[in-house]
>>> print(open('model_6.txt').read())   # compact mmCIF, C-alpha atoms
# COMPACT_ATOMS: atom_id res chain seq x y z
CA MET A 4 -50.51 -119.05 51.79
CA SER A 5 -50.27 -115.28 51.76
CA LEU A 6 -53.64 -114.93 53.51
CA ARG A 7 -52.50 -117.35 56.19
CA ARG A 8 -49.37 -115.29 56.73
CA HIS A 9 -51.40 -112.10 57.06
CA LEU A 10 -53.78 -113.75 59.51
CA LEU A 11 -50.83 -114.92 61.60
CA GLU A 12 -49.33 -111.43 61.58
CA ALA A 13 -52.70 -109.92 62.56
CA ALA A 14 -53.11 -112.46 65.36
CA THR A 15 -49.61 -111.61 66.59
CA LEU A 16 -50.43 -107.90 66.68
CA VAL A 17 -53.71 -108.53 68.51
CA LEU A 18 -52.01 -110.82 71.05
CA ALA A 19 -49.22 -108.29 71.57
CA ALA A 20 -51.86 -105.58 72.15
CA ILE A 21 -53.68 -107.76 74.71
CA LEU A 22 -50.42 -108.55 76.49
CA CYS A 23 -49.34 -104.89 76.58
CA ALA A 24 -52.80 -103.89 77.83
CA LEU A 25 -52.73 -106.42 80.67
CA VAL A 26 -49.21 -105.49 81.75
CA ALA A 27 -49.91 -101.74 81.54
CA ASN A 28 -53.12 -102.15 83.53
CA ALA A 29 -51.36 -104.21 86.19
CA LEU A 30 -48.72 -101.50 86.58
CA ALA A 31 -51.14 -98.55 86.42
CA SER A 32 -51.96 -96.39 89.42
CA ARG A 33 -55.31 -96.92 91.13
CA GLU A 34 -56.91 -94.00 89.32
CA ARG A 35 -55.88 -95.29 85.91
CA LYS A 36 -56.53 -98.95 86.47
CA LEU A 37 -59.64 -100.70 85.18
CA ALA A 38 -61.30 -103.88 86.36
CA LEU A 39 -60.94 -106.35 83.50
CA VAL A 40 -64.62 -107.17 83.53
CA GLY A 41 -66.86 -104.15 83.75
CA SER A 42 -70.26 -104.11 85.39
CA TYR A 43 -72.31 -101.38 83.79
CA PRO A 44 -76.05 -101.88 83.77
CA ASN A 45 -77.80 -100.36 80.77
CA ALA A 46 -74.60 -100.42 78.70
CA LEU A 47 -76.74 -101.18 75.66
CA LYS A 48 -79.65 -98.92 76.53
CA VAL A 49 -79.74 -95.70 74.56
CA PRO A 50 -80.81 -92.67 76.59
CA GLU A 51 -83.86 -91.10 74.96
CA ASN A 52 -82.92 -87.43 75.03
CA GLY A 53 -82.55 -87.46 78.76
CA ALA A 54 -85.19 -90.13 79.30
CA VAL A 55 -82.89 -91.90 81.71
CA ARG A 56 -84.00 -89.13 83.96
CA GLN A 57 -87.05 -89.45 86.09
CA GLU A 58 -88.61 -86.74 88.09
CA ALA A 59 -88.87 -87.37 91.76
CA PRO A 60 -92.26 -88.08 93.29
CA LEU A 61 -91.38 -85.95 96.24
CA GLU A 62 -94.81 -85.44 97.67
CA ALA A 63 -95.14 -86.34 101.28
CA THR A 64 -96.34 -89.90 101.70
CA PRO A 65 -96.51 -90.57 105.41
CA ALA A 66 -97.46 -94.20 104.85
CA ALA A 67 -94.10 -94.88 103.26
CA ALA A 68 -92.17 -93.15 105.95
CA ALA A 69 -90.33 -95.30 108.43
CA PRO A 70 -89.22 -93.08 111.28
CA GLY A 71 -86.17 -94.13 113.16
CA LYS A 72 -82.74 -93.01 114.13
CA LEU A 73 -80.52 -92.03 111.19
CA PRO A 74 -77.49 -94.31 111.51
CA PHE A 75 -75.33 -92.15 109.26
CA GLU A 76 -75.64 -89.14 111.53
CA GLU A 77 -73.56 -90.88 114.13
CA LYS A 78 -70.94 -91.97 111.63
CA ARG A 79 -70.51 -88.71 109.84
CA PRO A 80 -67.37 -86.77 110.63
CA GLY A 81 -67.43 -83.26 112.00
CA PRO A 82 -68.13 -80.04 110.16
CA ALA A 83 -66.86 -79.52 106.64
CA THR A 84 -64.14 -77.16 107.67
CA ALA A 85 -62.74 -79.67 110.10
CA SER A 86 -62.81 -82.77 107.93
CA ALA A 87 -61.76 -81.36 104.62
CA PRO A 88 -58.19 -80.23 104.10
CA LYS A 89 -59.15 -77.03 102.36
CA ALA A 90 -62.79 -76.42 103.03
CA SER A 91 -64.23 -73.26 101.62
CA ALA A 92 -66.39 -70.92 103.63
CA PRO A 93 -70.02 -71.95 103.86
CA SER A 94 -72.41 -70.08 101.66
CA GLN A 95 -74.40 -67.15 102.86
CA GLY A 96 -77.66 -69.01 102.37
CA SER A 97 -79.48 -70.67 105.18
CA GLU A 98 -79.00 -74.07 103.49
CA ALA A 99 -75.29 -73.93 104.10
CA LYS A 100 -75.69 -74.56 107.77
CA THR A 101 -76.76 -77.96 108.95
CA SER A 102 -80.35 -77.66 110.01
CA SER A 103 -81.98 -79.94 112.46
CA SER A 104 -84.52 -82.28 110.96
CA SER A 105 -85.91 -85.48 112.29
CA PRO A 106 -85.54 -88.71 110.33
CA ALA A 107 -89.31 -88.76 110.05
CA ASP A 108 -89.21 -85.38 108.30
CA LEU A 109 -86.62 -86.63 105.84
CA LEU A 110 -88.50 -89.81 105.08
CA ARG A 111 -91.81 -88.02 104.80
CA ARG A 112 -90.37 -85.75 102.14
CA PHE A 113 -88.15 -88.37 100.52
CA PRO A 114 -89.73 -91.76 101.09
CA PRO A 115 -88.00 -94.96 99.89
CA HIS A 116 -88.91 -95.92 96.33
CA ASP A 117 -88.64 -98.94 94.06
CA LYS A 118 -86.50 -97.28 91.38
CA PRO A 119 -82.72 -97.43 91.14
CA TYR A 120 -82.72 -93.68 91.63
CA VAL A 121 -84.88 -90.63 91.58
CA GLU A 122 -83.59 -87.34 90.27
CA ILE A 123 -83.86 -84.30 92.47
CA SER A 124 -83.43 -80.59 91.87
CA GLY A 125 -80.72 -78.38 93.30
CA ASP A 126 -83.17 -76.99 95.88
CA ASP A 127 -84.00 -80.47 97.13
CA ALA A 128 -80.33 -81.45 97.17
CA ALA A 129 -79.43 -78.33 99.14
CA TRP A 130 -82.27 -79.06 101.59
CA LEU A 131 -81.05 -82.62 102.13
CA ILE A 132 -77.36 -81.78 102.35
CA ALA A 133 -78.10 -79.02 104.83
CA ARG A 134 -79.70 -81.69 107.00
CA GLY A 135 -76.60 -83.84 106.98
CA VAL A 136 -77.79 -86.46 104.52
CA LEU A 137 -74.94 -88.60 103.25
CA THR A 138 -73.64 -87.35 99.88
CA LEU A 139 -71.64 -89.42 97.41
CA ASP A 140 -69.50 -87.95 94.63
CA ALA A 141 -69.33 -90.25 91.59
CA ARG A 142 -66.71 -88.27 89.65
CA ARG A 143 -63.09 -89.24 89.13
CA THR A 144 -60.75 -88.93 92.12
CA LYS A 145 -58.73 -86.14 90.53
CA VAL A 146 -61.86 -84.08 89.87
CA TYR A 147 -63.14 -84.77 93.39
CA GLU A 148 -59.91 -83.50 94.86
CA GLU A 149 -60.18 -80.30 92.84
CA GLY A 150 -63.48 -79.53 94.56
CA HIS A 151 -66.47 -81.35 95.99
CA ILE A 152 -69.49 -80.82 98.20
CA ALA A 153 -68.29 -80.56 101.77
CA LEU A 154 -68.39 -83.95 103.52
CA ALA A 155 -69.23 -85.78 100.30
CA ARG A 156 -67.55 -89.16 100.02
CA SER A 157 -65.69 -90.14 96.88
CA PHE A 158 -67.08 -93.04 94.83
CA PRO A 159 -65.38 -92.69 91.43
CA VAL A 160 -67.56 -94.97 89.39
CA TRP A 161 -65.06 -95.32 86.51
CA GLU A 162 -62.12 -96.39 88.65
CA SER A 163 -61.06 -99.95 89.28
CA ASP A 164 -61.86 -100.14 92.99
CA ILE A 165 -65.45 -98.93 92.77
CA ASP A 166 -66.90 -102.37 93.44
CA ALA A 167 -64.66 -102.75 96.50
CA ARG A 168 -65.79 -99.32 97.70
CA VAL A 169 -69.43 -100.25 97.22
CA THR A 170 -68.91 -103.53 99.07
CA ALA A 171 -67.22 -101.70 101.95
CA PHE A 172 -70.04 -99.15 101.97
CA VAL A 173 -72.64 -101.91 102.16
CA GLY A 174 -70.58 -103.47 104.97
CA GLU A 175 -71.04 -100.30 107.03
CA GLY A 176 -74.53 -101.58 107.75
CA ARG A 177 -76.45 -98.50 106.74
CA ASP A 178 -80.20 -98.49 106.52
CA GLY A 179 -80.99 -98.65 102.82
CA ALA A 180 -84.21 -96.68 103.27
CA ILE A 181 -82.42 -93.55 104.45
CA PRO A 182 -81.93 -91.01 101.64
CA VAL A 183 -78.51 -90.80 100.02
CA VAL A 184 -77.67 -87.96 97.62
CA LEU A 185 -75.44 -88.77 94.65
CA TYR A 186 -73.99 -86.31 92.22
CA CYS A 187 -71.51 -85.89 89.39
CA SER A 188 -70.91 -83.11 86.87
CA GLY A 189 -74.50 -82.31 85.90
CA GLY A 190 -75.46 -81.93 82.24
CA ASP A 191 -75.42 -85.33 80.58
CA CYS A 192 -73.13 -86.85 83.18
CA GLU A 193 -74.41 -90.28 84.15
CA ASP A 194 -71.78 -91.31 86.66
CA SER A 195 -74.10 -90.72 89.61
CA HIS A 196 -76.80 -92.76 87.88
CA LEU A 197 -74.35 -95.62 87.37
CA LEU A 198 -73.33 -95.47 91.02
CA ALA A 199 -76.99 -95.43 92.04
CA GLN A 200 -77.61 -98.57 90.00
CA LYS A 201 -74.75 -100.32 91.77
CA LEU A 202 -76.04 -99.28 95.20
CA PHE A 203 -79.61 -100.14 94.30
CA GLY A 204 -78.41 -103.64 93.45
CA ALA A 205 -76.82 -103.75 96.92
CA GLY A 206 -80.12 -103.02 98.66
CA PHE A 207 -80.32 -99.22 98.86
CA ASN A 208 -83.73 -97.96 97.83
CA ASN A 209 -83.69 -94.28 98.56
CA LEU A 210 -81.03 -93.03 96.19
CA LEU A 211 -81.48 -89.45 95.07
CA VAL A 212 -79.47 -88.21 92.11
CA TYR A 213 -78.72 -84.50 92.26
CA ARG A 214 -79.48 -83.85 88.60
CA ASP A 215 -77.48 -80.67 88.05
CA GLY A 216 -74.60 -81.81 90.21
CA TRP A 217 -71.38 -80.02 91.01
CA PRO A 218 -71.71 -77.05 88.58
CA ASP A 219 -75.07 -76.18 90.12
CA TRP A 220 -73.67 -76.54 93.63
CA VAL A 221 -70.86 -74.10 92.79
CA LYS A 222 -73.38 -71.70 91.27
CA ARG A 223 -75.41 -71.83 94.48
CA GLY A 224 -72.33 -71.09 96.55
CA GLY A 225 -72.83 -74.27 98.55
CA SER A 226 -70.34 -75.42 101.15
CA SER A 227 -67.44 -77.15 99.42
CA ALA A 228 -64.04 -78.63 100.06
CA THR A 229 -60.94 -79.60 98.14
CA GLY A 230 -58.33 -82.29 98.58
CA PRO A 231 -58.59 -86.03 99.15
CA GLU A 232 -61.30 -87.68 101.17
CA SER A 233 -60.43 -87.58 104.84
CA MET B 6 -46.24 -91.89 34.43
CA THR B 7 -49.97 -92.64 34.29
CA PRO B 8 -52.27 -91.53 37.14
CA LYS B 9 -52.56 -95.18 38.17
CA GLU B 10 -48.80 -95.55 38.38
CA ALA B 11 -48.53 -92.26 40.30
CA LEU B 12 -51.15 -93.42 42.76
CA ALA B 13 -49.33 -96.68 43.33
CA SER B 14 -45.86 -95.17 43.50
CA PRO B 15 -43.68 -96.14 46.48
CA TRP B 16 -42.99 -92.41 47.07
CA LEU B 17 -46.70 -91.75 47.73
CA THR B 18 -47.35 -95.03 49.53
CA VAL B 19 -44.60 -94.48 52.10
CA ARG B 20 -45.93 -91.02 52.90
CA VAL B 21 -49.51 -92.27 53.22
CA GLN B 22 -48.29 -95.08 55.47
CA ILE B 23 -46.43 -92.66 57.75
CA ALA B 24 -49.32 -90.18 57.89
CA LEU B 25 -51.86 -92.90 58.70
CA GLY B 26 -49.51 -94.44 61.27
CA LEU B 27 -49.03 -91.06 62.94
CA PHE B 28 -52.81 -90.53 63.07
CA PHE B 29 -53.22 -93.83 64.88
CA VAL B 30 -50.33 -93.29 67.29
CA ALA B 31 -51.73 -89.83 68.11
CA ALA B 32 -55.18 -91.35 68.63
CA ALA B 33 -53.84 -94.08 70.92
CA LEU B 34 -51.79 -91.95 73.33
CA PRO B 35 -54.58 -90.12 75.25
CA LYS B 36 -56.46 -93.41 75.63
CA LEU B 37 -53.37 -95.17 76.97
CA VAL B 38 -52.84 -92.43 79.52
CA ASP B 39 -56.39 -92.55 80.86
CA PRO B 40 -58.16 -95.89 80.26
CA PRO B 41 -61.11 -95.16 82.62
CA SER B 42 -62.06 -92.07 80.58
CA PHE B 43 -61.86 -94.09 77.38
CA ALA B 44 -64.01 -96.81 78.96
CA HIS B 45 -66.54 -94.07 79.71
CA MET B 46 -66.46 -93.03 76.03
CA ILE B 47 -67.03 -96.61 74.88
CA TYR B 48 -69.91 -96.95 77.35
CA ASN B 49 -71.51 -93.81 75.90
CA TYR B 50 -71.72 -95.50 72.47
CA ARG B 51 -74.19 -97.99 74.02
CA LEU B 52 -73.04 -100.72 71.66
CA VAL B 53 -70.75 -102.83 73.83
CA PRO B 54 -72.03 -105.17 76.55
CA GLY B 55 -71.14 -103.86 80.01
CA ALA B 56 -68.80 -106.76 80.75
CA LEU B 57 -66.64 -106.00 77.69
CA VAL B 58 -66.39 -102.20 78.02
CA ASN B 59 -63.26 -102.19 80.18
CA LEU B 60 -61.47 -104.90 78.20
CA MET B 61 -62.09 -103.01 74.99
CA ALA B 62 -60.88 -99.77 76.58
CA LEU B 63 -57.67 -101.47 77.61
CA VAL B 64 -56.85 -103.37 74.40
CA MET B 65 -58.01 -101.06 71.61
CA PRO B 66 -55.50 -98.24 72.25
CA TRP B 67 -52.62 -100.73 72.23
CA LEU B 68 -53.88 -102.19 68.98
CA GLU B 69 -54.03 -98.70 67.50
CA LEU B 70 -50.53 -97.93 68.76
CA LEU B 71 -48.95 -101.15 67.50
CA ALA B 72 -50.68 -100.99 64.11
CA GLY B 73 -49.73 -97.30 63.79
CA LEU B 74 -46.09 -97.97 64.68
CA ALA B 75 -45.95 -100.90 62.25
CA LEU B 76 -47.20 -98.61 59.47
CA ILE B 77 -44.65 -95.90 60.32
CA LEU B 78 -41.78 -98.40 60.48
CA GLY B 79 -42.94 -100.33 57.41
CA ILE B 80 -43.26 -103.62 59.27
CA TRP B 81 -46.03 -106.00 58.16
CA THR B 82 -47.45 -103.11 56.20
CA ARG B 83 -50.37 -104.87 54.51
CA THR B 84 -51.43 -106.60 57.70
CA SER B 85 -51.25 -103.44 59.81
CA ALA B 86 -53.06 -101.46 57.10
CA GLY B 87 -55.72 -104.18 57.08
CA LEU B 88 -56.06 -103.96 60.88
CA VAL B 89 -56.29 -100.18 60.73
CA GLY B 90 -58.96 -100.54 58.03
CA ALA B 91 -60.92 -102.97 60.21
CA LEU B 92 -60.72 -100.58 63.16
CA LEU B 93 -61.87 -97.69 60.97
CA LEU B 94 -64.84 -99.74 59.77
CA VAL B 95 -65.79 -100.48 63.39
CA PHE B 96 -65.55 -96.76 64.24
CA LEU B 97 -67.61 -95.82 61.18
CA VAL B 98 -70.38 -98.28 62.02
CA ALA B 99 -70.40 -97.24 65.69
CA ILE B 100 -70.61 -93.52 64.97
CA SER B 101 -73.14 -93.97 62.16
CA LEU B 102 -75.44 -96.10 64.33
CA ASN B 103 -75.41 -93.50 67.08
CA LEU B 104 -75.96 -90.71 64.61
CA ALA B 105 -78.92 -92.63 63.18
CA ARG B 106 -80.48 -92.99 66.63
CA ASP B 107 -79.68 -89.39 67.68
CA ASN B 108 -77.45 -90.47 70.53
CA ALA B 109 -75.09 -87.51 70.67
CA ILE B 110 -71.71 -88.68 71.92
CA ASP B 111 -68.15 -87.49 72.12
CA CYS B 112 -66.21 -89.52 69.57
CA GLY B 113 -63.31 -90.28 71.90
CA CYS B 114 -61.14 -90.63 68.80
CA PHE B 115 -58.27 -88.30 69.63
CA ASP B 116 -59.29 -87.03 73.04
CA VAL B 117 -60.95 -88.74 75.98
CA ALA B 118 -61.90 -85.63 77.93
CA SER B 119 -65.61 -85.05 77.52
CA ALA B 120 -66.23 -81.47 76.47
CA ASN B 121 -69.30 -79.60 77.56
CA ARG B 122 -70.89 -79.31 74.15
CA THR B 123 -74.51 -79.15 73.12
CA VAL B 124 -76.30 -82.08 71.50
CA ASP B 125 -76.30 -80.30 68.13
CA GLU B 126 -72.57 -79.61 68.32
CA ARG B 127 -71.91 -83.25 69.11
CA LEU B 128 -74.08 -84.49 66.25
CA ALA B 129 -72.29 -82.11 63.87
CA ASP B 130 -68.91 -83.37 65.07
CA MET B 131 -70.03 -86.96 64.59
CA ARG B 132 -70.73 -86.20 60.92
CA LEU B 133 -67.24 -84.74 60.58
CA ASP B 134 -65.80 -87.79 62.33
CA ILE B 135 -67.45 -90.01 59.73
CA LEU B 136 -65.92 -87.97 56.92
CA ARG B 137 -62.49 -88.11 58.56
CA ASP B 138 -62.72 -91.88 59.00
CA LEU B 139 -63.79 -92.29 55.37
CA GLY B 140 -60.72 -90.27 54.35
CA MET B 141 -58.46 -92.53 56.40
CA LEU B 142 -60.18 -95.56 54.91
CA LEU B 143 -59.16 -94.22 51.48
CA MET B 144 -55.58 -94.04 52.74
CA VAL B 145 -55.82 -97.69 53.81
CA ALA B 146 -57.17 -98.59 50.37
CA GLN B 147 -54.27 -96.80 48.68
CA ILE B 148 -51.70 -98.71 50.77
CA LEU B 149 -53.34 -102.10 50.21
CA TRP B 150 -53.79 -101.47 46.49
CA ALA B 151 -50.25 -100.14 45.93
CA LYS B 152 -48.67 -102.98 47.93
CA GLY B 153 -50.82 -105.50 46.07
CA ARG B 154 -49.71 -104.10 42.71
CA GLY B 155 -46.09 -104.19 43.85
CA LEU B 156 -46.38 -107.84 44.81
CA ASP B 157 -48.07 -108.71 41.52
CA ALA B 158 -45.26 -106.98 39.63
CA ALA B 159 -42.65 -108.88 41.62
CA LYS B 160 -44.36 -112.18 40.90
CA ARG B 161 -44.58 -111.50 37.15
CA PRO B 162 -41.88 -113.48 35.25
CA LEU B 163 -39.20 -111.37 33.62
CA ARG B 164 -39.48 -111.17 29.88
CA SER B 165 -36.41 -111.74 27.86
>>> encode(input="model_6.txt", output="structure tokens")
Amino acid sequence: MSLRRHLLEAATLVLAAILCALVANALASRERKLALVGSYPNALKVPENGAVRQEAPLEATPAAAAPGKLPFEEKRPGPATASAPKASAPSQGSEAKTSSSSPADLLRRFPPHDKPYVEISGDDAAWLIARGVLTLDARRTKVYEEGHIALARSFPVWESDIDARVTAFVGEGRDGAIPVVLYCSGGDCEDSHLLAQKLFGAGFNNLLVYRDGWPDWVKRGGSSATGPES
Amino acid sequence: MTPKEALASPWLTVRVQIALGLFFVAAALPKLVDPPSFAHMIYNYRLVPGALVNLMALVMPWLELLAGLALILGIWTRTSAGLVGALLLVFLVAISLNLARDNAIDCGCFDVASANRTVDERLADMRLDILRDLGMLLMVAQILWAKGRGLDAAKRPLRS
């Protein structure tokens, strides 16, 4: 009898917790809301001391290259200083300025691959970003607004609307073979890897994860911006 | 008063209840404020299927809060102590498994902001987390034992 009473009390507490959680989540702001059902590939896969990481096979492989017009170049907004509310000055380095590079050059150096993502170094990321390659920031919105790579788009992988953002991104009709750079906070941050897995599932097969991410970009003095995505 | 009686005294039990309840309320608050960060912490444990990560991140802090408040207020004390004990066992198993497989994680117990610590620092903290959880499990045991003794005494027929 006593056990039954305790079980009933425990069930009441658990039900109350579920109810409170659902109500609180429904009332939460976008940044604090969670989708009830998560979609995180590899949620049970233990990283083997950084083994999630793969080095990029970045040798030129002309056979894999598929020259063509880069669709994103037309869709990208203007210079960093114009699009970002508080863009910082570009770095002194030559990589800070957008260099001209043909799509064939990009694809020769970064051909499409059959992995969810390939990790790239800061030098490679700087090379790509300087050539106007689309860059996605996988960190939380608040962190993005505090500072991000100039022209990077915000894809906060732990916020509730990430799947909607990915769907909208896919709907933009981009060529999945064109390189896309993804980054988060470097170190053991895996947000960009998670975002890459989502995009890979949506048909993108040239996703390049900037391994050392934002801290490395700041160290390099790369072009950055603050404030919300324009 | 024998040591056994001292250990089961209402004076001690109430204080243990309040301390344990406060621990759990304090642990719940940062998770309630930022569920996505807590979901990230749960994901890092690599023990929960992807589909359940968010649901767990939403419900667990509320369970901690309600059980903690019940302990502080003395409502359904044995049940809430039992729930707290069950949660502590889950935490202990989760941290121990990750320690055994060298997966250095931030506990996410009282803070959901991931600190930039080295693997060794994280592993050392995980050992401390296990000790802390074992200590709290002892507090749960004290409450359950003292309350059980109290009930037994109440059920015992009065001798003339």
>>> residues_around(input="model_6.txt", residues="Ser163 in chain A", least_positions_apart="6", cutoff="12 Å", atoms="only C-alpha atoms", output="MDAnalysis selection string")
(chainID A and resid 28:29 31:42 143:144 169) or (chainID B and resid 40:42 44 59)
>>> write_last_selection(input="model_6.txt", atoms="C-alpha atoms", output="PDB file, keeping the file's coordinate frame")
ATOM      1  CA  ASN A  28     -53.120-102.150  83.530  1.00  0.00           C
ATOM      2  CA  ALA A  29     -51.360-104.210  86.190  1.00  0.00           C
ATOM      3  CA  ALA A  31     -51.140 -98.550  86.420  1.00  0.00           C
ATOM      4  CA  SER A  32     -51.960 -96.390  89.420  1.00  0.00           C
ATOM      5  CA  ARG A  33     -55.310 -96.920  91.130  1.00  0.00           C
ATOM      6  CA  GLU A  34     -56.910 -94.000  89.320  1.00  0.00           C
ATOM      7  CA  ARG A  35     -55.880 -95.290  85.910  1.00  0.00           C
ATOM      8  CA  LYS A  36     -56.530 -98.950  86.470  1.00  0.00           C
ATOM      9  CA  LEU A  37     -59.640-100.700  85.180  1.00  0.00           C
ATOM     10  CA  ALA A  38     -61.300-103.880  86.360  1.00  0.00           C
ATOM     11  CA  LEU A  39     -60.940-106.350  83.500  1.00  0.00           C
ATOM     12  CA  VAL A  40     -64.620-107.170  83.530  1.00  0.00           C
ATOM     13  CA  GLY A  41     -66.860-104.150  83.750  1.00  0.00           C
ATOM     14  CA  SER A  42     -70.260-104.110  85.390  1.00  0.00           C
ATOM     15  CA  ARG A 143     -63.090 -89.240  89.130  1.00  0.00           C
ATOM     16  CA  THR A 144     -60.750 -88.930  92.120  1.00  0.00           C
ATOM     17  CA  VAL A 169     -69.430-100.250  97.220  1.00  0.00           C
TER      18      VAL A 169
ATOM     19  CA  PRO B  40     -58.160 -95.890  80.260  1.00  0.00           C
ATOM     20  CA  PRO B  41     -61.110 -95.160  82.620  1.00  0.00           C
ATOM     21  CA  SER B  42     -62.060 -92.070  80.580  1.00  0.00           C
ATOM     22  CA  ALA B  44     -64.010 -96.810  78.960  1.00  0.00           C
ATOM     23  CA  ASN B  59     -63.260-102.190  80.180  1.00  0.00           C
TER      24      ASN B  59
END
>>> closest_atom_pairs(input="model_6.txt", of="chain A", to="chain B", cutoff="7 Å", atoms="only C-alpha atoms", output="CSV")
residue,atom,partner,partner_atom,distance
A:His9,CA,B:Thr84,CA,5.5
A:Glu12,CA,B:Thr84,CA,6.5
A:Ala13,CA,B:Thr84,CA,6.0
A:Leu16,CA,B:Leu71,CA,7.0
A:Val17,CA,B:Leu68,CA,6.4
A:Ala20,CA,B:Trp67,CA,4.9
A:Ile21,CA,B:Val64,CA,5.4
A:Cys23,CA,B:Trp67,CA,6.9
A:Ala24,CA,B:Val64,CA,5.3
A:Arg35,CA,B:Asp39,CA,5.8
A:Leu37,CA,B:Pro41,CA,6.3
A:Ala38,CA,B:Asn59,CA,6.7
A:Leu39,CA,B:Leu60,CA,5.5
A:Val40,CA,B:Ala56,CA,5.0
A:Gly41,CA,B:Ala56,CA,4.4
A:Ser42,CA,B:Gly55,CA,5.5
A:Tyr43,CA,B:Gly55,CA,4.7
A:Pro44,CA,B:Gly55,CA,6.5
A:Ala46,CA,B:Gly55,CA,5.1
A:Leu47,CA,B:Arg51,CA,4.4
A:Lys48,CA,B:Arg51,CA,6.1
A:Val49,CA,B:Arg51,CA,6.0
A:Trp161,CA,B:Pro41,CA,5.5
A:Glu162,CA,B:Pro41,CA,6.2
>>> atom_distance(input="model_6.txt", atom1="CA of Lys152 in chain B", atom2="CA of Ala13 in chain B")
7.8 Å
>>> atom_distance(input="model_6.txt", atom1="CA of Ile77 in chain B", atom2="CA of Gly26 in chain B")
5.2 Å
>>> atom_distance(input="model_6.txt", atom1="CA of Asp178 in chain A", atom2="CA of Ala141 in chain A")
20.2 Å
>>> residues_around(input="model_6.txt", residues="range 192-207 of chain A", least_positions_apart="2", cutoff="7 Å", atoms="all atoms listed in the file", output="VMD selection string")
chain A and resid 119 to 120 141 to 142 160 169 173 179 to 180 185 to 190 209 to 210 212
>>> residues_around(input="model_6.txt", residues="Val21 in chain B", least_positions_apart="5", cutoff="12 Å", atoms="only C-alpha atoms", output="PDB file with C-alpha atoms, keeping the file's coordinate frame")
ATOM      1  CA  LEU B  12     -51.150 -93.420  42.760  1.00  0.00           C
ATOM      2  CA  ALA B  13     -49.330 -96.680  43.330  1.00  0.00           C
ATOM      3  CA  SER B  14     -45.860 -95.170  43.500  1.00  0.00           C
ATOM      4  CA  PRO B  15     -43.680 -96.140  46.480  1.00  0.00           C
ATOM      5  CA  TRP B  16     -42.990 -92.410  47.070  1.00  0.00           C
ATOM      6  CA  GLY B  26     -49.510 -94.440  61.270  1.00  0.00           C
ATOM      7  CA  LEU B  27     -49.030 -91.060  62.940  1.00  0.00           C
ATOM      8  CA  PHE B  28     -52.810 -90.530  63.070  1.00  0.00           C
ATOM      9  CA  GLY B  73     -49.730 -97.300  63.790  1.00  0.00           C
ATOM     10  CA  LEU B  76     -47.200 -98.610  59.470  1.00  0.00           C
ATOM     11  CA  ILE B  77     -44.650 -95.900  60.320  1.00  0.00           C
ATOM     12  CA  GLY B  79     -42.940-100.330  57.410  1.00  0.00           C
ATOM     13  CA  THR B  82     -47.450-103.110  56.200  1.00  0.00           C
ATOM     14  CA  ALA B  86     -53.060-101.460  57.100  1.00  0.00           C
ATOM     15  CA  GLY B 140     -60.720 -90.270  54.350  1.00  0.00           C
ATOM     16  CA  MET B 141     -58.460 -92.530  56.400  1.00  0.00           C
ATOM     17  CA  LEU B 142     -60.180 -95.560  54.910  1.00  0.00           C
ATOM     18  CA  LEU B 143     -59.160 -94.220  51.480  1.00  0.00           C
ATOM     19  CA  MET B 144     -55.580 -94.040  52.740  1.00  0.00           C
ATOM     20  CA  VAL B 145     -55.820 -97.690  53.810  1.00  0.00           C
ATOM     21  CA  ALA B 146     -57.170 -98.590  50.370  1.00  0.00           C
ATOM     22  CA  GLN B 147     -54.270 -96.800  48.680  1.00  0.00           C
ATOM     23  CA  ILE B 148     -51.700 -98.710  50.770  1.00  0.00           C
ATOM     24  CA  LEU B 149     -53.340-102.100  50.210  1.00  0.00           C
ATOM     25  CA  ALA B 151     -50.250-100.140  45.930  1.00  0.00           C
ATOM     26  CA  LYS B 152     -48.670-102.980  47.930  1.00  0.00           C
TER      27      LYS B 152
END
>>> closest_residue(input="model_6.txt", among="A:Ala129, A:Ala14, A:Leu139, A:Leu109", to="Gly225 in chain A", atoms="all atoms listed in the file")
A:Ala129
>>> axis_aligned_box(input="model_6.txt", around="range 106-111 of chain A", padding_each_side="5 Å", output="lines of an AutoDock Vina configuration file")
center_x = -88.7
center_y = -87.6
center_z = 107.6
size_x = 16.3
size_y = 14.4
size_z = 15.5
